[in-house]
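Step one of this worksheet: look at the structure below.
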Amino acid sequence: MKKILLILALVLSLSLLAACGSESTDSDKTSAQTEEEGGTDAEIGTMAEDDTTSPEKEEPIRLTEEERAKYYKVVEFDLPEGNFRDVIVEEMRKYASLEWTAAENFSMNEIIGNNDWTVALDYKKGTKYTGLPYTNYFVNYDTFTGLLVDGTFTSGGKGWRTAPGMDCWSAVRCAVQQFEPLEGWTADWVPGRDTFALEMVGTYKASKDAISTNAICQENGRDTMYEAYMSLKKGDIVYRKSFDKKDYLHIRVVVEEPTIVKTAAGKIIPSRSYVKTIEQTNAFDAKRSDGVKTNWYVDHQYSLVSLYDTGYVPIRPKSYSKSIGEMEVPYIVLDNEITPSVLAKGAFSSTVKSNFPLRFVTVEIFDKDGNSVVYDEQGGLQDIFSYSLRKYFTDTFKGLAHGEQYTFVLTSGIARGNAELARVEFTYN
């Protein structure tokens with residue numbers, strides 16, 4: 001009996017071992033099949049992520065390889081990163097915060113019309129100033145900082161119309177042109193005109209026959225214009241312009257959304273509600289109590305009443321409503337190579353071009369000892385996208401000695417930055 005029980009126990013044990021072995025074998029087979037047919041659970045998850053491709057990042061418009069091949073030299077400038085509304089304000093703050101010291105006494109004085117509008121800025125030797133000086137000869141930030149010598153600046157005897165700097169309008173244009181090739185003259189920034197180059201903020205109407213932005217305000221009335229001012233956002237603009245000789249123009253950039261003050265009943269108080277701006281002006285800021293000497297008004301506040309009474313209209317660049325895929329990467333190109341043989345004859349056959357307005361084109365020639373013997377700058381340019389060297393640099397080679405060796409350097413700039421386009425050694429015949 002004991003033998004029978006022992007035999008039965010042995011058979012049962014073998015059965016259990018066979019069953020466990022069978023489960024293990026089936027599990028391995030299933031795992032193997034899973035890997036063959038599509039991977040393990042973890043791998044399936046990874047594959048699913050790979051199949052879900054993220055949308056391609058939108059890129060700005062660039063010159064194609066075919067287009068680039070048409071030019072001798074192409075220099076591109078990256079578009080600024082981030083929100084363009086932030087960019088314009090940051091640019092204006094950069095212009096307004098640059099510190100420099102006057103290397104000599106000089107003045108920026110100008111009387112416009114019958115004493116209707118004046119510039120009377122006196123800069124004193126050894127005094128530190130903040131912000132680019134107020135002038136009518138437009139340069140970009142890089143150009144001005146390149147003129148500083150150990151942090152000092154001199155006008156070189158030049159006045160308001162020819163000394164490097166910025167005025168209110170060129171400062172805003174320079175900031176906008178970091179990302180948009182906004183062109184047009186001051187009249188083209190007035191809403192309602194056929195050439196209006198920006199967008200209106202709010203629901204006010206503008207007639208193309210309006211003689212001033214003040215007239216636009218009057219035609220719409222306070223309530224409509226107050227609503228428009230309250231619609232302003234960071235990076236927008238308030239602009240005043242007249243077409244007579246008694247009232248010229250001024251422009252400010254909004255640095256944050258308006259502050260709206262209401263009564264307990266919820267009614268807006270226009271005299272206490274305000275817009276904060278940054279602007280370049282023709283007078284030193286008398287409100288500064290920190291000792292800073294500047295003609296930039298930074299974070300000044302203007303009530304809705306004040307904006308209306310002084311005839312300001314709210315506008316904004318069109319690029320704010322565009323996608324990055326609609327924006328062009330800024331570039332400067334030189335169409336034809338400038339060769340030693342061409343320069344030897346005292347001639348040019350090249351043109352500087354850009355998809356953004358050119359700020360300047362400069363030719364400089366150095367003798368064999370590295371001394372600058374020719375410096376010819378064509379600056380203060382506006383709405384110029386193509387500049388012929390042959391047409392505009394007609395006296396460049398006068399005074400050069402025949403048979404002598406020289407180095408020719410060509411540079412140009414847009415608001416976004418400057419570029420050296422050519423550096424050529426030649427012997428003048």
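Following the order of the structure tokens, first chain is A, next is B, and so on, with residues numbered from 1 inside each chain and ligands from 1 in the order they appear.
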
DSSP says strand (DSSP E) for which residues of range 74-245 of chain A? Put them as JSON, numbers by chain? {"A": [74, 75, 76, 99, 100, 101, 102, 106, 107, 108, 109, 110, 111, 112, 117, 118, 119, 120, 121, 122, 123, 128, 129, 130, 137, 138, 152, 153, 164, 165, 199, 200, 237, 238, 239, 240, 241]}

Non-local contacts of Ala344 in chain A (8 Å; only C-alpha atoms; under 4 positions in same chain excluded) as a list in words: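 Neighbouring residues, sequence-local ones excluded: Pro340, Phe426, Thr427, Tyr428 and Asn429 of chain A.
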
Write a file of the selected residues as a tab-separated table (two decimals), in the first residue's frame, keeping C-alpha atoms.
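The file below, out14.tsv, is the result:
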chain	number	residue	atom	x	y	z
A	340	PRO	CA	41.43	95.17	-58.02
A	426	PHE	CA	44.59	97.43	-55.32
A	427	THR	CA	47.09	99.66	-57.05
A	428	TYR	CA	45.69	102.88	-58.41
A	429	ASN	CA	46.68	103.47	-62.04

For Leu182 in chain A, work out the shell of residues within 10 Å, counting only C-alpha atoms and skipping chain neighbours fewer than 4 positions away, then give it as a list in words.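 So the residues in contact are Arg173, Cys174, Val176, Gln177, Gln178, Ala197, Leu198, Pro317, Lys318, Ser319, Phe356, Pro357 and Asp383 of chain A.
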
Within 12 Å of Val409 in chain A using only C-alpha atoms, minus same-chain residues under 6 positions, as a ChimeraX atom specification: /A:338-340,343,361-367,370,372-377,396,419-426

Those same residues - C-alpha atoms - I'd like them written as a short mmCIF file (atom, residue, chain, number, x, y, z; two decimals), in the first residue's frame.
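This went into out11.cif:
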data_model
loop_
_atom_site.label_atom_id
_atom_site.label_comp_id
_atom_site.auth_asym_id
_atom_site.auth_seq_id
_atom_site.Cartn_x
_atom_site.Cartn_y
_atom_site.Cartn_z
CA ILE A 338 34.67 94.60 -56.63
CA THR A 339 37.97 93.59 -58.19
CA PRO A 340 41.43 95.17 -58.02
CA LEU A 343 39.37 99.84 -58.59
CA VAL A 361 26.72 102.93 -47.35
CA THR A 362 30.35 103.83 -46.63
CA VAL A 363 33.53 103.62 -48.68
CA GLU A 364 36.89 103.92 -46.92
CA ILE A 365 40.35 103.68 -48.48
CA PHE A 366 43.56 103.07 -46.53
CA ASP A 367 47.11 103.63 -47.72
CA GLY A 370 46.99 101.63 -42.74
CA SER A 372 42.60 106.31 -43.75
CA VAL A 373 42.96 108.60 -46.78
CA VAL A 374 39.36 108.50 -48.04
CA TYR A 375 36.20 108.29 -45.94
CA ASP A 376 32.99 108.77 -47.91
CA GLU A 377 29.78 108.05 -46.02
CA THR A 396 36.01 108.59 -54.18
CA ALA A 419 28.17 94.39 -42.57
CA GLU A 420 31.49 94.61 -44.36
CA LEU A 421 30.77 93.76 -47.99
CA ALA A 422 34.21 94.11 -49.56
CA ARG A 423 37.88 94.53 -48.63
CA VAL A 424 40.16 94.71 -51.65
CA GLU A 425 43.83 95.57 -52.10
CA PHE A 426 44.59 97.43 -55.32
#

Here is a test: counting only C-alpha atoms, which residue of A:Leu148, A:Tyr248, A:Gly291, A:Pro164 is nearest to Thr118 in chain A? A:Tyr248

I'd like the neighbourhood of range 62-77 of chain A as an NGL selection string, where a residue qualifies if any of its atoms comes within 12 Å (using only C-alpha atoms), though same-chain residues fewer than 6 positions away should be ignored. :A and (177-179 or 324-339 or 350-356 or 410-423)

When DSSP is applied to the backbone of this structure, which of range 267-364 of chain A are assigned helix (DSSP H, G or I)? Write them out as a list in words.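 Listing helix (DSSP H, G or I) positions across range 267-364 of chain A yields Leu304, Val305, Ser306, Leu307, Tyr308, Asp309, Lys318, Ser319, Tyr320, Ser321, Ile324, Gly325, Glu326, Pro340, Ser341, Val342, Leu343 and Ala344 of chain A.
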
Using only C-alpha atoms, which protein or nucleic acid residues come within 6 Å of range 296-300 of chain A? Drop anything in the same chain fewer than 5 positions from it, and give the result as an NGL selection string. :A and (96 or 276-281)

Find, counting only C-alpha atoms, the residue in A:Ser207, A:Asn295, A:Asn140, A:Thr127 that gets nearest to Glu91 in chain A.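 Selected residue with least distance to Glu91 in chain A: A:Asn140.
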